[in-house]
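This is work_37.cif. It holds mmCIF, C-alpha atoms and all ligand atoms.
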data_structure
#
loop_
_atom_site.label_atom_id
_atom_site.label_comp_id
_atom_site.auth_asym_id
_atom_site.auth_seq_id
_atom_site.Cartn_x
_atom_site.Cartn_y
_atom_site.Cartn_z
CA THR A 6 15.39 -35.48 -4.59
CA TRP A 7 12.48 -33.42 -3.40
CA GLU A 8 10.65 -36.07 -1.31
CA SER A 9 11.45 -34.16 1.85
CA VAL A 10 9.87 -30.90 0.66
CA PRO A 11 6.70 -30.26 2.65
CA GLN A 12 3.69 -28.74 0.90
CA ALA A 13 3.39 -25.02 1.69
CA PRO A 14 -0.06 -23.52 2.34
CA PRO A 15 -1.52 -21.60 -0.61
CA ASP A 16 -1.66 -17.78 -0.54
CA VAL A 17 -5.05 -16.77 0.87
CA ILE A 18 -5.79 -13.95 -1.57
CA PHE A 19 -4.75 -15.87 -4.66
CA GLN A 20 -6.69 -18.89 -3.41
CA LEU A 21 -9.80 -16.71 -3.15
CA THR A 22 -9.36 -15.54 -6.73
CA ALA A 23 -9.03 -19.14 -7.91
CA ALA A 24 -12.21 -20.15 -6.02
CA TYR A 25 -14.03 -17.16 -7.53
CA LYS A 26 -12.92 -18.10 -11.05
CA ALA A 27 -14.07 -21.71 -10.59
CA ASP A 28 -17.49 -20.63 -9.25
CA LYS A 29 -20.29 -20.93 -11.84
CA TYR A 30 -22.86 -18.86 -9.90
CA GLU A 31 -24.18 -16.02 -12.04
CA LYS A 32 -24.16 -13.34 -9.35
CA LYS A 33 -20.73 -14.20 -7.90
CA VAL A 34 -18.63 -11.23 -6.76
CA ASN A 35 -14.89 -11.01 -6.05
CA LEU A 36 -14.14 -8.59 -3.23
CA GLY A 37 -10.89 -10.32 -2.30
CA VAL A 38 -8.10 -8.96 -4.44
CA GLY A 39 -6.95 -5.36 -4.07
CA ALA A 40 -6.96 -4.44 -7.71
CA TYR A 41 -9.07 -1.66 -9.24
CA ARG A 42 -12.00 -2.70 -11.39
CA ASP A 43 -14.24 -0.49 -13.53
CA ASN A 44 -18.00 -0.30 -13.12
CA ASP A 45 -18.33 -3.48 -15.19
CA GLY A 46 -15.95 -5.38 -12.94
CA LYS A 47 -13.17 -5.29 -15.56
CA PRO A 48 -9.49 -4.33 -15.15
CA TRP A 49 -8.95 -0.71 -16.23
CA VAL A 50 -6.02 0.49 -18.29
CA LEU A 51 -5.62 4.16 -17.37
CA PRO A 52 -5.98 6.54 -20.36
CA SER A 53 -2.72 8.26 -19.33
CA VAL A 54 -0.94 4.87 -19.40
CA LYS A 55 -2.41 4.03 -22.82
CA LYS A 56 -1.13 7.32 -24.24
CA ALA A 57 2.32 6.90 -22.69
CA GLN A 58 2.58 3.36 -24.05
CA ALA A 59 1.67 4.54 -27.55
CA ILE A 60 4.37 7.23 -27.41
CA LEU A 61 6.98 4.70 -26.28
CA LEU A 62 6.07 2.15 -28.94
CA ASN A 63 6.57 4.77 -31.65
CA ASP A 64 9.83 6.11 -30.25
CA ASP A 65 12.76 4.75 -32.28
CA THR A 66 15.25 5.91 -29.67
CA VAL A 67 13.83 3.46 -27.12
CA ASP A 68 16.01 0.33 -27.07
CA HIS A 69 16.18 -2.75 -24.88
CA GLU A 70 19.49 -2.17 -23.15
CA TYR A 71 19.91 -2.79 -19.43
CA LEU A 72 18.96 0.01 -17.07
CA SER A 73 21.59 0.90 -14.49
CA ILE A 74 21.58 -1.04 -11.20
CA THR A 75 19.59 1.69 -9.45
CA GLY A 76 17.13 2.04 -12.34
CA LEU A 77 15.97 4.66 -14.83
CA PRO A 78 17.36 7.98 -13.51
CA GLU A 79 14.45 10.15 -14.70
CA PHE A 80 11.94 7.68 -13.25
CA VAL A 81 13.46 7.55 -9.76
CA ALA A 82 14.00 11.32 -9.63
CA SER A 83 10.41 12.09 -10.58
CA ALA A 84 9.05 9.32 -8.35
CA ALA A 85 10.89 10.94 -5.41
CA LYS A 86 9.35 14.29 -6.34
CA LEU A 87 5.90 12.72 -6.44
CA ILE A 88 6.03 11.47 -2.88
CA LEU A 89 8.29 14.12 -1.29
CA GLY A 90 6.90 17.13 -3.13
CA LYS A 91 8.43 19.44 -5.74
CA ASP A 92 10.08 21.70 -3.18
CA SER A 93 11.43 19.08 -0.82
CA ALA A 94 14.47 20.34 1.06
CA ALA A 95 15.69 16.75 1.53
CA THR A 96 15.90 16.38 -2.28
CA SER A 97 17.54 19.74 -2.95
CA GLU A 98 20.07 19.08 -0.18
CA GLY A 99 21.01 15.80 -1.89
CA ARG A 100 19.93 13.65 1.06
CA VAL A 101 17.58 11.25 -0.75
CA THR A 102 18.73 7.96 -2.24
CA SER A 103 16.21 6.61 -4.74
CA VAL A 104 16.47 3.14 -6.21
CA GLN A 105 14.05 1.54 -8.67
CA THR A 106 12.55 -1.70 -7.33
CA ILE A 107 10.29 -4.60 -8.27
CA SER A 108 7.14 -2.66 -7.34
CA GLY A 109 6.21 -2.12 -3.69
CA THR A 110 7.01 -5.68 -2.66
CA GLY A 111 10.54 -5.31 -4.01
CA ALA A 112 10.94 -1.95 -2.26
CA ASN A 113 9.88 -3.51 1.07
CA HIS A 114 12.28 -6.37 0.47
CA LEU A 115 15.24 -4.19 -0.52
CA ALA A 116 14.63 -1.94 2.49
CA ALA A 117 14.38 -4.97 4.79
CA VAL A 118 17.67 -6.45 3.54
CA PHE A 119 19.36 -3.04 3.82
CA LEU A 120 18.12 -2.54 7.40
CA ALA A 121 19.04 -6.08 8.42
CA ARG A 122 22.59 -5.40 7.24
CA PHE A 123 23.17 -1.78 8.11
CA TYR A 124 20.75 -0.47 10.71
CA ASP A 125 22.52 0.09 14.02
CA TRP A 126 20.53 -2.48 15.99
CA SER A 127 22.89 -2.26 18.97
CA ARG A 128 21.43 1.18 19.67
CA ALA A 129 17.84 0.01 19.10
CA GLY A 130 17.37 -2.54 21.86
CA GLY A 131 19.91 -4.95 20.39
CA GLU A 132 17.55 -7.18 18.41
CA LYS A 133 16.55 -7.01 14.77
CA LYS A 134 12.85 -6.15 15.10
CA ILE A 135 10.35 -4.16 13.12
CA TYR A 136 7.07 -3.04 14.64
CA ILE A 137 4.14 -3.57 12.29
CA SER A 138 0.50 -2.59 12.75
CA ASN A 139 -1.97 -5.23 13.87
CA PRO A 140 -3.32 -6.01 11.32
CA THR A 141 -1.22 -5.21 8.27
CA TRP A 142 -0.68 -6.33 4.67
CA ALA A 143 -0.09 -10.07 5.10
CA ASN A 144 3.14 -10.03 3.10
CA HIS A 145 4.93 -7.71 5.55
CA LYS A 146 5.54 -10.54 8.00
CA ALA A 147 6.87 -12.85 5.31
CA ILE A 148 9.15 -10.16 3.85
CA PHE A 149 10.75 -9.23 7.18
CA ASN A 150 11.06 -12.81 8.39
CA ALA A 151 12.83 -13.69 5.15
CA ALA A 152 15.29 -10.83 5.70
CA GLY A 153 16.03 -11.94 9.27
CA ILE A 154 14.08 -9.15 10.98
CA GLU A 155 11.47 -10.22 13.50
CA PRO A 156 8.09 -8.57 12.90
CA VAL A 157 6.36 -7.52 16.13
CA ASP A 158 2.75 -6.31 16.21
CA TYR A 159 1.76 -2.90 17.55
CA PRO A 160 -1.90 -2.16 18.36
CA TYR A 161 -3.62 -0.31 15.53
CA TYR A 162 -7.19 -1.36 14.89
CA ASP A 163 -9.89 -1.14 17.55
CA ALA A 164 -12.64 -3.69 16.89
CA LYS A 165 -15.02 -1.91 19.28
CA THR A 166 -15.01 1.38 17.41
CA VAL A 167 -14.08 -0.18 14.05
CA GLY A 168 -11.48 2.63 14.03
CA LEU A 169 -7.96 3.54 15.15
CA ASP A 170 -6.66 2.40 18.53
CA PHE A 171 -4.74 5.65 18.96
CA GLU A 172 -3.95 5.08 22.64
CA GLY A 173 -2.64 1.58 21.97
CA PHE A 174 -0.60 2.75 18.98
CA THR A 175 1.04 5.71 20.71
CA GLY A 176 1.54 3.58 23.85
CA ALA A 177 3.54 1.07 21.80
CA LEU A 178 5.61 3.88 20.23
CA LYS A 179 6.43 5.19 23.70
CA SER A 180 7.26 1.85 25.29
CA ALA A 181 9.44 0.44 22.46
CA PRO A 182 13.22 0.84 22.92
CA ASN A 183 14.59 4.14 21.58
CA ARG A 184 15.50 4.06 17.88
CA SER A 185 13.10 1.20 17.08
CA VAL A 186 11.90 0.72 13.51
CA PHE A 187 8.14 1.22 13.00
CA LEU A 188 6.36 0.44 9.76
CA LEU A 189 3.71 3.00 8.84
CA HIS A 190 1.22 2.87 5.98
CA ALA A 191 1.60 6.25 4.28
CA CYS A 192 -2.12 6.42 3.48
CA ALA A 193 -5.10 4.10 2.89
CA HIS A 194 -4.07 1.49 5.46
CA ASN A 195 -4.31 -2.09 4.17
CA PRO A 196 -6.40 -3.98 5.28
CA THR A 197 -8.42 -1.70 7.59
CA GLY A 198 -8.87 1.53 5.60
CA VAL A 199 -8.29 3.30 8.93
CA ASP A 200 -5.76 6.18 8.79
CA PRO A 201 -4.66 8.59 11.53
CA THR A 202 -5.99 12.15 11.17
CA LYS A 203 -3.53 14.99 10.45
CA GLU A 204 -3.52 15.91 14.15
CA GLN A 205 -2.84 12.30 15.10
CA TRP A 206 0.04 12.12 12.58
CA GLY A 207 1.45 15.22 14.29
CA ALA A 208 1.34 13.53 17.69
CA ILE A 209 2.82 10.33 16.23
CA SER A 210 5.73 12.19 14.60
CA ASP A 211 6.43 13.98 17.91
CA ILE A 212 6.94 10.60 19.56
CA PHE A 213 9.21 9.47 16.70
CA LEU A 214 11.32 12.59 17.29
CA ALA A 215 11.43 12.16 21.06
CA LYS A 216 12.30 8.47 20.84
CA GLY A 217 14.61 8.61 17.85
CA HIS A 218 12.50 5.96 16.08
CA MET A 219 12.98 5.17 12.43
CA ALA A 220 9.92 5.43 10.14
CA PHE A 221 9.54 2.72 7.52
CA PHE A 222 6.81 4.10 5.26
CA ASP A 223 4.97 1.78 2.93
CA CYS A 224 3.21 3.83 0.26
CA ALA A 225 1.17 1.61 -2.04
CA TYR A 226 -1.93 3.79 -2.52
CA GLN A 227 -0.88 7.41 -3.14
CA GLY A 228 -3.91 9.04 -4.78
CA PHE A 229 -6.32 6.30 -3.77
CA ALA A 230 -7.18 7.73 -0.36
CA SER A 231 -8.45 11.16 -1.34
CA GLY A 232 -8.10 11.27 -5.12
CA SER A 233 -5.29 13.83 -4.73
CA LEU A 234 -1.68 12.68 -5.07
CA ASP A 235 -0.45 15.61 -2.96
CA ALA A 236 -2.99 15.21 -0.17
CA ASP A 237 -2.15 11.52 0.19
CA ALA A 238 1.53 12.34 0.64
CA PHE A 239 0.76 14.37 3.78
CA ALA A 240 2.11 11.95 6.39
CA VAL A 241 5.37 11.26 4.54
CA ARG A 242 6.02 14.95 3.83
CA HIS A 243 5.19 15.87 7.41
CA PHE A 244 7.72 13.37 8.75
CA VAL A 245 10.40 14.43 6.25
CA ALA A 246 9.86 18.07 7.24
CA GLN A 247 10.75 17.22 10.86
CA LYS A 248 14.30 16.67 9.52
CA ASN A 249 15.54 14.52 12.38
CA ILE A 250 13.37 11.46 11.87
CA PRO A 251 15.35 8.78 10.01
CA LEU A 252 13.04 7.35 7.40
CA LEU A 253 12.57 5.49 4.18
CA ILE A 254 9.68 5.12 1.78
CA CYS A 255 8.62 2.06 -0.23
CA GLN A 256 6.65 3.29 -3.22
CA SER A 257 4.46 1.28 -5.56
CA PHE A 258 2.86 2.31 -8.87
CA ALA A 259 0.82 -0.90 -9.10
CA LYS A 260 -2.45 0.65 -7.93
CA ASN A 261 -2.25 4.33 -8.77
CA ALA A 262 -0.99 3.71 -12.31
CA GLY A 263 -2.83 0.40 -12.72
CA LEU A 264 0.55 -1.18 -13.58
CA TYR A 265 0.16 -4.27 -11.41
CA GLY A 266 2.05 -6.65 -13.66
CA GLU A 267 4.80 -4.27 -14.78
CA ARG A 268 6.30 -4.14 -11.27
CA VAL A 269 7.13 -0.43 -11.08
CA GLY A 270 8.30 0.90 -7.73
CA ALA A 271 11.04 2.68 -5.86
CA LEU A 272 12.76 2.80 -2.50
CA HIS A 273 13.64 6.26 -1.20
CA VAL A 274 15.97 6.50 1.79
CA VAL A 275 16.21 9.93 3.41
CA SER A 276 19.56 10.53 5.12
CA ALA A 277 20.80 13.27 7.42
CA SER A 278 23.60 14.34 5.08
CA LYS A 279 24.83 14.13 1.49
CA LYS A 280 27.77 12.00 2.62
CA GLN A 281 25.43 9.42 4.17
CA GLU A 282 23.35 9.49 1.01
CA ALA A 283 26.32 8.40 -1.09
CA ALA A 284 27.18 5.52 1.25
CA VAL A 285 23.54 4.35 1.38
CA LYS A 286 23.33 4.42 -2.42
CA SER A 287 26.52 2.41 -2.77
CA GLN A 288 25.23 -0.32 -0.43
CA LEU A 289 21.75 -0.46 -1.97
CA SER A 290 23.47 -0.93 -5.33
CA VAL A 291 25.51 -3.84 -3.97
CA ILE A 292 22.35 -5.57 -2.65
CA GLN A 293 20.36 -4.89 -5.81
CA ARG A 294 23.17 -6.19 -8.05
CA ALA A 295 23.22 -9.55 -6.28
CA GLU A 296 19.44 -9.89 -6.31
CA ILE A 297 18.13 -8.64 -9.66
CA SER A 298 21.12 -6.92 -11.36
CA ASN A 299 18.90 -4.27 -12.93
CA PRO A 300 15.22 -3.40 -12.60
CA PRO A 301 12.77 -3.77 -15.52
CA ALA A 302 12.56 -0.90 -18.00
CA PHE A 303 9.16 -0.68 -19.70
CA GLY A 304 6.85 0.20 -16.79
CA ALA A 305 9.38 2.67 -15.42
CA ARG A 306 9.50 4.38 -18.83
CA VAL A 307 5.69 4.60 -18.89
CA VAL A 308 5.53 6.19 -15.42
CA SER A 309 8.49 8.45 -16.13
CA LEU A 310 6.76 9.81 -19.24
CA ILE A 311 3.58 10.43 -17.28
CA LEU A 312 5.42 12.23 -14.50
CA ASN A 313 7.42 14.42 -16.88
CA ASP A 314 4.93 15.41 -19.60
CA ASN A 315 2.40 18.12 -18.71
CA ALA A 316 -0.52 16.69 -20.67
CA LEU A 317 0.04 13.13 -19.44
CA TRP A 318 0.52 14.35 -15.89
CA GLU A 319 -2.83 16.14 -16.00
CA GLN A 320 -4.53 13.12 -17.50
CA TRP A 321 -3.03 10.85 -14.82
CA ASN A 322 -4.24 13.13 -12.03
CA LYS A 323 -7.72 12.86 -13.55
CA ASP A 324 -7.42 9.07 -13.84
CA VAL A 325 -6.40 8.67 -10.20
CA LYS A 326 -9.22 10.98 -9.07
CA PHE A 327 -11.69 9.02 -11.20
CA MET A 328 -10.73 5.72 -9.54
CA ALA A 329 -10.77 7.20 -6.02
CA GLU A 330 -14.15 8.84 -6.62
CA ARG A 331 -15.74 5.69 -7.96
CA ILE A 332 -14.61 3.90 -4.82
CA ILE A 333 -15.91 6.68 -2.56
CA ASP A 334 -19.22 6.54 -4.42
CA MET A 335 -19.45 2.79 -3.81
CA ARG A 336 -18.87 3.44 -0.11
CA LYS A 337 -21.83 5.82 -0.11
CA GLN A 338 -24.07 3.38 -1.98
CA LEU A 339 -23.23 0.39 0.23
CA HIS A 340 -23.66 2.51 3.37
CA SER A 341 -27.02 3.83 2.29
CA LEU A 342 -28.32 0.38 1.29
CA LEU A 343 -27.33 -1.12 4.65
CA THR A 344 -28.54 1.75 6.80
CA GLU A 345 -31.60 3.03 4.94
CA LYS A 346 -32.92 0.16 2.85
CA HIS A 347 -32.13 -2.87 5.04
CA LYS A 348 -31.55 -1.26 8.44
CA THR A 349 -28.93 -3.94 8.96
CA PRO A 350 -27.65 -4.45 12.52
CA ALA A 351 -24.07 -3.13 12.55
CA PRO A 352 -20.91 -4.08 14.44
CA GLY A 353 -20.08 -1.15 16.75
CA GLY A 354 -23.62 0.28 16.42
CA ASN A 355 -23.57 1.77 12.92
CA TRP A 356 -22.07 1.36 9.45
CA ASP A 357 -20.39 4.77 9.34
CA HIS A 358 -16.96 3.12 9.25
CA ILE A 359 -17.69 2.22 5.63
CA LEU A 360 -17.80 5.95 4.86
CA LYS A 361 -14.91 6.89 7.12
CA GLN A 362 -12.48 4.21 5.99
CA ILE A 363 -10.02 5.30 3.36
CA GLY A 364 -8.72 3.83 0.13
CA MET A 365 -9.21 0.55 -1.63
CA PHE A 366 -10.42 -1.48 1.36
CA SER A 367 -13.15 -1.54 3.91
CA TYR A 368 -13.07 -3.59 7.05
CA LEU A 369 -16.72 -4.44 7.62
CA GLY A 370 -16.24 -5.66 11.19
CA LEU A 371 -18.19 -8.91 10.64
CA THR A 372 -17.52 -12.17 12.47
CA PRO A 373 -15.79 -15.10 10.70
CA LYS A 374 -19.14 -16.95 10.83
CA GLN A 375 -20.91 -14.09 9.04
CA VAL A 376 -18.11 -13.94 6.46
CA LYS A 377 -18.47 -17.67 5.88
CA TYR A 378 -22.19 -17.20 5.25
CA ILE A 379 -21.46 -14.43 2.72
CA VAL A 380 -18.91 -16.57 0.87
CA ASP A 381 -20.83 -19.87 1.01
CA GLU A 382 -24.39 -18.63 0.49
CA GLY A 383 -23.80 -15.44 -1.46
CA HIS A 384 -20.80 -16.50 -3.58
CA ILE A 385 -19.24 -13.18 -2.57
CA TYR A 386 -15.51 -13.73 -2.05
CA MET A 387 -13.72 -11.86 0.75
CA THR A 388 -11.00 -12.59 3.31
CA GLY A 389 -12.03 -14.11 6.67
CA ASN A 390 -11.32 -10.83 8.49
CA SER A 391 -14.26 -9.23 6.56
CA ARG A 392 -12.01 -6.98 4.49
CA ILE A 393 -13.62 -6.11 1.18
CA SER A 394 -12.03 -4.45 -1.80
CA MET A 395 -14.35 -1.53 -2.53
CA ALA A 396 -13.07 -1.56 -6.11
CA GLY A 397 -14.85 -4.90 -6.63
CA LEU A 398 -18.22 -3.21 -6.04
CA ASN A 399 -20.13 -1.54 -8.86
CA THR A 400 -23.60 -0.26 -9.63
CA HIS A 401 -24.60 -3.73 -10.95
CA ASN A 402 -23.64 -5.74 -7.85
CA VAL A 403 -23.81 -3.41 -4.85
CA ALA A 404 -27.52 -4.05 -4.16
CA TYR A 405 -26.93 -7.81 -4.19
CA VAL A 406 -23.87 -7.51 -1.91
CA ALA A 407 -25.85 -5.34 0.57
CA GLU A 408 -28.69 -7.87 0.56
CA VAL A 409 -26.33 -10.76 1.41
CA ILE A 410 -24.48 -8.75 4.09
CA ASP A 411 -27.87 -7.95 5.61
CA LYS A 412 -28.84 -11.63 5.72
CA ALA A 413 -25.46 -12.59 7.17
CA ALA A 414 -25.68 -9.94 9.88
CA ARG A 415 -29.05 -11.38 10.95
CA THR A 416 -27.95 -15.03 11.11
N1 LIG B 1 2.29 -2.61 0.55
C1 LIG B 1 0.97 -2.67 0.74
C2 LIG B 1 0.42 -2.15 2.01
C3 LIG B 1 0.13 -3.24 -0.23
O1 LIG B 1 -1.18 -3.28 -0.02
C4 LIG B 1 0.70 -3.71 -1.43
C5 LIG B 1 -0.17 -4.29 -2.50
N2 LIG B 1 -1.08 -5.22 -2.13
C6 LIG B 1 2.08 -3.60 -1.58
C7 LIG B 1 2.85 -3.05 -0.58
C8 LIG B 1 2.87 -4.06 -2.77
O2 LIG B 1 2.27 -4.30 -3.93
P1 LIG B 1 3.11 -4.38 -5.29
O3 LIG B 1 4.30 -5.22 -5.02
O4 LIG B 1 2.16 -4.97 -6.25
O5 LIG B 1 3.48 -2.97 -5.61
#
Show me the file's structure as structure tokens.
Ligand code: PMP
Amino acid sequence: TWESVPQAPPDVIFQLTAAYKADKYEKKVNLGVGAYRDNDGKPWVLPSVKKAQAILLNDDTVDHEYLSITGLPEFVASAAKLILGKDSAATSEGRVTSVQTISGTGANHLAAVFLARFYDWSRAGGEKKIYISNPTWANHKAIFNAAGIEPVDYPYYDAKTVGLDFEGFTGALKSAPNRSVFLLHACAHNPTGVDPTKEQWGAISDIFLAKGHMAFFDCAYQGFASGSLDADAFAVRHFVAQKNIPLLICQSFAKNAGLYGERVGALHVVSASKKQEAAVKSQLSVIQRAEISNPPAFGARVVSLILNDNALWEQWNKDVKFMAERIIDMRKQLHSLLTEKHKTPAPGGNWDHILKQIGMFSYLGLTPKQVKYIVDEGHIYMTGNSRISMAGLNTHNVAYVAEVIDKAART
């Protein structure tokens, strides 16, 4: 029956992990996957999550009934508060629809299906298109294509400066048809680690207002950029405060709660009125019902407890800060080894981008040939675009990684 099924190519990131696992070399390093690791290279269960789990396991009132179609009410309400802020006018005015999703991927998917069906494309140039940064998280293209929305690149990363192509980005915002949909990474851009500054976000939101564009925020790293959950919500809150920018937010708790496998996330759609909110909620429920019926309960309960208990909340803030600071420290160590110890020739003239880039990833700016050398000779696994997960570095392997990067940069 399945003779006619062609073999699909394997997923690049998961292929890298498999190659890393099969490698017998003692000093091998995995800088491919974007998952936090502790200083011994091990997955880290956050202390706040451990405590919340223990409370749940001892709570006799917790059963295994279905959640509602839109998820655990106290989870989605507190998740909205986390990204929009405690005093968000949009929330108090009843303009935010929040639906629990299968982590960030599920939120992107649900939002894509909703837009494909209900966005008024006739007033947005007539074609179903979403503008995505070049580069972006590889799955974005697949998710939008699958929903029948054509992903179109907008300029974002400037290889010459290893930084933001602000002119290119704002130029694309200005030249796109009015009311276009633009995907924005809320913070800690994946894969580049390059975020707009606050001033640049201000200029970007002005263009959204002038053009009537819709902002599709993907927020997978709140807390990972700066270590502060509030500070990392700046861009989203700034856009929401402009009131007249239509927007939605895809929120993931995979990274900031270390709940990768539990698939905890939410989609928040901000409407102009309470009436619109009700209609949006009804349609998101219809889509969700046909796709997954109801979202999974356990991870949402864990996060909900953390967001609603003072002691757990404080512990979680410390946990997030701890992860962000370890990553920032690894940036400093790698930068100092390359610049001071090895005096390694750098793309763009210096290695300061390693310090400036934000969040889980760093885009080294190396050529595919240099990356190949690092993977083949150094057994250090990274994607061909020279993106490394900073969380894969630690005090035991950073000197070795710097040494191999130095050799590669000189080949
Ligand atoms: N968006 C971006 C930009 C990401 O980097 C990720 C995680 N790699 C996600 C969404 C979704 O991840 P998850 O489905 O695990 O929450």
Distance filter 6 Å around ligand LIG 1 (chain B), atoms: only C-alpha atoms and all ligand atoms, out as an mmCIF file with C-alpha atoms, in the frame of the given file:
data_model
loop_
_atom_site.group_PDB
_atom_site.id
_atom_site.type_symbol
_atom_site.label_atom_id
_atom_site.label_comp_id
_atom_site.auth_asym_id
_atom_site.auth_seq_id
_atom_site.Cartn_x
_atom_site.Cartn_y
_atom_site.Cartn_z
ATOM 1 C CA SER A 108 7.140 -2.660 -7.340
ATOM 2 C CA GLY A 109 6.210 -2.120 -3.690
ATOM 3 C CA THR A 110 7.010 -5.680 -2.660
ATOM 4 C CA TRP A 142 -0.680 -6.330 4.670
ATOM 5 C CA ASN A 195 -4.310 -2.090 4.170
ATOM 6 C CA ASP A 223 4.970 1.780 2.930
ATOM 7 C CA ALA A 225 1.170 1.610 -2.040
ATOM 8 C CA SER A 257 4.460 1.280 -5.560
ATOM 9 C CA ALA A 259 0.820 -0.900 -9.100
ATOM 10 C CA TYR A 265 0.160 -4.270 -11.410
#
Practice problem: For region 384-401 of chain A, please output as a PyMOL selection string all residues within 7 Å (counting all atoms listed in the file; exclusion window: fewer than 2 positions along the same chain). | Solution: chain A and resi 21+25+33-42+44-46+196+332+335+365-371+373+376+379-382+403
Quiz item: So which residues touch region 216-222 of chain A within 9 Å, counting all atoms listed in the file, skipping near sequence neighbours fewer than 2 positions away, as a ChimeraX atom specification?
Solution: /A:113,116,129,135,178-179,181-191,211-214,224,241,244,249-256
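Using all atoms listed in the file, the shortest contact distance between Ala95 (chain A) and any of A:Ala246, A:Ala59, A:Ala147, A:Val285 is found at A:Ala246.
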Quiz prompt | Top pick for closest residue to Tyr162 (chain A), considering A:Asn402, A:Ser73, A:Asn63, A:Thr197 and counting only C-alpha atoms | solution = A:Thr197
Quiz item: Leaving out His358 (chain A) and any residue of its chain fewer than 4 positions from it, which residues lie within 8 Å of it when counting all atoms listed in the file, given as a list in words?
Solution: Val167, Gly168, Gln362 and Leu369 of chain A
Quiz item: Nearest to Gly99 (chain A) among A:Ala351, A:Ile410, A:Val67, A:Val274, with distances taken over only C-alpha atoms: which residue is it?
Solution: A:Val274
Exercise. Using all atoms listed in the file, find the one residue out of A:Ile60, A:Ala85, A:Ala404, A:Leu342 that sits nearest to Ser97 (chain A).
Key: A:Ala85
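Separating CA of Ile292 (chain A) from CA of Tyr124 (chain A) is a distance of 14.4 Å.
Across the structure, CA of Pro301 (chain A) and CA of Thr75 (chain A) are spaced 10.6 Å apart.
Counting all atoms listed in the file and comparing A:Arg336, A:Lys346, A:Lys323, A:Lys86, the residue that lies closest to Ser309 (chain A) is A:Lys86.
Reported to one decimal place, the separation of CA of Trp206 (chain A) from CA of Lys134 (chain A) is 22.5 Å.
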Self-check item: Neighbour list for Gly364 (chain A) as a count of residues only, cut-off 8 Å, only C-alpha atoms, skip fewer than 3 positions in-chain
Solution: 11
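Residue nearest Val406 (chain A) within the list A:Asn315, A:Gln338, A:Asn355, A:Gln247: A:Gln338 [criterion: smallest interatomic distance, only C-alpha atoms].
When the distance limit is 8 Å and only C-alpha atoms are what count, the residues near Gly76 (chain A), minus those fewer than 3 positions from it on the same chain, are A:Leu72, A:Ser73, A:Phe80, A:Val81, A:Val104, A:Gln105, A:Thr106, A:Asn299, A:Pro300, A:Pro301, A:Ala302.
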Can you patch up region 153-164 of chain A, filling it in to N, CA and C atoms, and show the result as a PDB file, in the frame of the given file?
ATOM      1  N   GLY A 153      15.407 -11.766   7.953  1.00  0.00           N
ATOM      2  CA  GLY A 153      16.030 -11.940   9.270  1.00  0.00           C
ATOM      3  C   GLY A 153      15.668 -10.853  10.264  1.00  0.00           C
ATOM      4  N   ILE A 154      14.556 -10.161  10.018  1.00  0.00           N
ATOM      5  CA  ILE A 154      14.080  -9.150  10.980  1.00  0.00           C
ATOM      6  C   ILE A 154      12.767  -9.660  11.557  1.00  0.00           C
ATOM      7  N   GLU A 155      12.680  -9.660  12.880  1.00  0.00           N
ATOM      8  CA  GLU A 155      11.470 -10.220  13.500  1.00  0.00           C
ATOM      9  C   GLU A 155      10.336  -9.182  13.492  1.00  0.00           C
ATOM     10  N   PRO A 156       9.206  -9.515  12.853  1.00  0.00           N
ATOM     11  CA  PRO A 156       8.090  -8.570  12.900  1.00  0.00           C
ATOM     12  C   PRO A 156       7.338  -8.688  14.230  1.00  0.00           C
ATOM     13  N   VAL A 157       7.068  -7.549  14.855  1.00  0.00           N
ATOM     14  CA  VAL A 157       6.360  -7.520  16.130  1.00  0.00           C
ATOM     15  C   VAL A 157       5.139  -6.624  15.965  1.00  0.00           C
ATOM     16  N   ASP A 158       3.980  -7.103  16.393  1.00  0.00           N
ATOM     17  CA  ASP A 158       2.750  -6.310  16.210  1.00  0.00           C
ATOM     18  C   ASP A 158       2.693  -5.104  17.146  1.00  0.00           C
ATOM     19  N   TYR A 159       2.185  -3.975  16.635  1.00  0.00           N
ATOM     20  CA  TYR A 159       1.760  -2.900  17.550  1.00  0.00           C
ATOM     21  C   TYR A 159       0.254  -2.711  17.379  1.00  0.00           C
ATOM     22  N   PRO A 160      -0.453  -2.314  18.462  1.00  0.00           N
ATOM     23  CA  PRO A 160      -1.900  -2.160  18.360  1.00  0.00           C
ATOM     24  C   PRO A 160      -2.251  -1.069  17.341  1.00  0.00           C
ATOM     25  N   TYR A 161      -3.250  -1.300  16.539  1.00  0.00           N
ATOM     26  CA  TYR A 161      -3.620  -0.310  15.530  1.00  0.00           C
ATOM     27  C   TYR A 161      -5.140  -0.193  15.375  1.00  0.00           C
ATOM     28  N   TYR A 162      -5.759  -1.348  15.198  1.00  0.00           N
ATOM     29  CA  TYR A 162      -7.190  -1.360  14.890  1.00  0.00           C
ATOM     30  C   TYR A 162      -7.987  -1.697  16.145  1.00  0.00           C
ATOM     31  N   ASP A 163      -9.040  -0.912  16.386  1.00  0.00           N
ATOM     32  CA  ASP A 163      -9.890  -1.140  17.550  1.00  0.00           C
ATOM     33  C   ASP A 163     -11.220  -1.725  17.077  1.00  0.00           C
ATOM     34  N   ALA A 164     -11.431  -3.010  17.384  1.00  0.00           N
ATOM     35  CA  ALA A 164     -12.640  -3.690  16.890  1.00  0.00           C
ATOM     36  C   ALA A 164     -13.914  -3.058  17.469  1.00  0.00           C
TER      37      ALA A 164
END
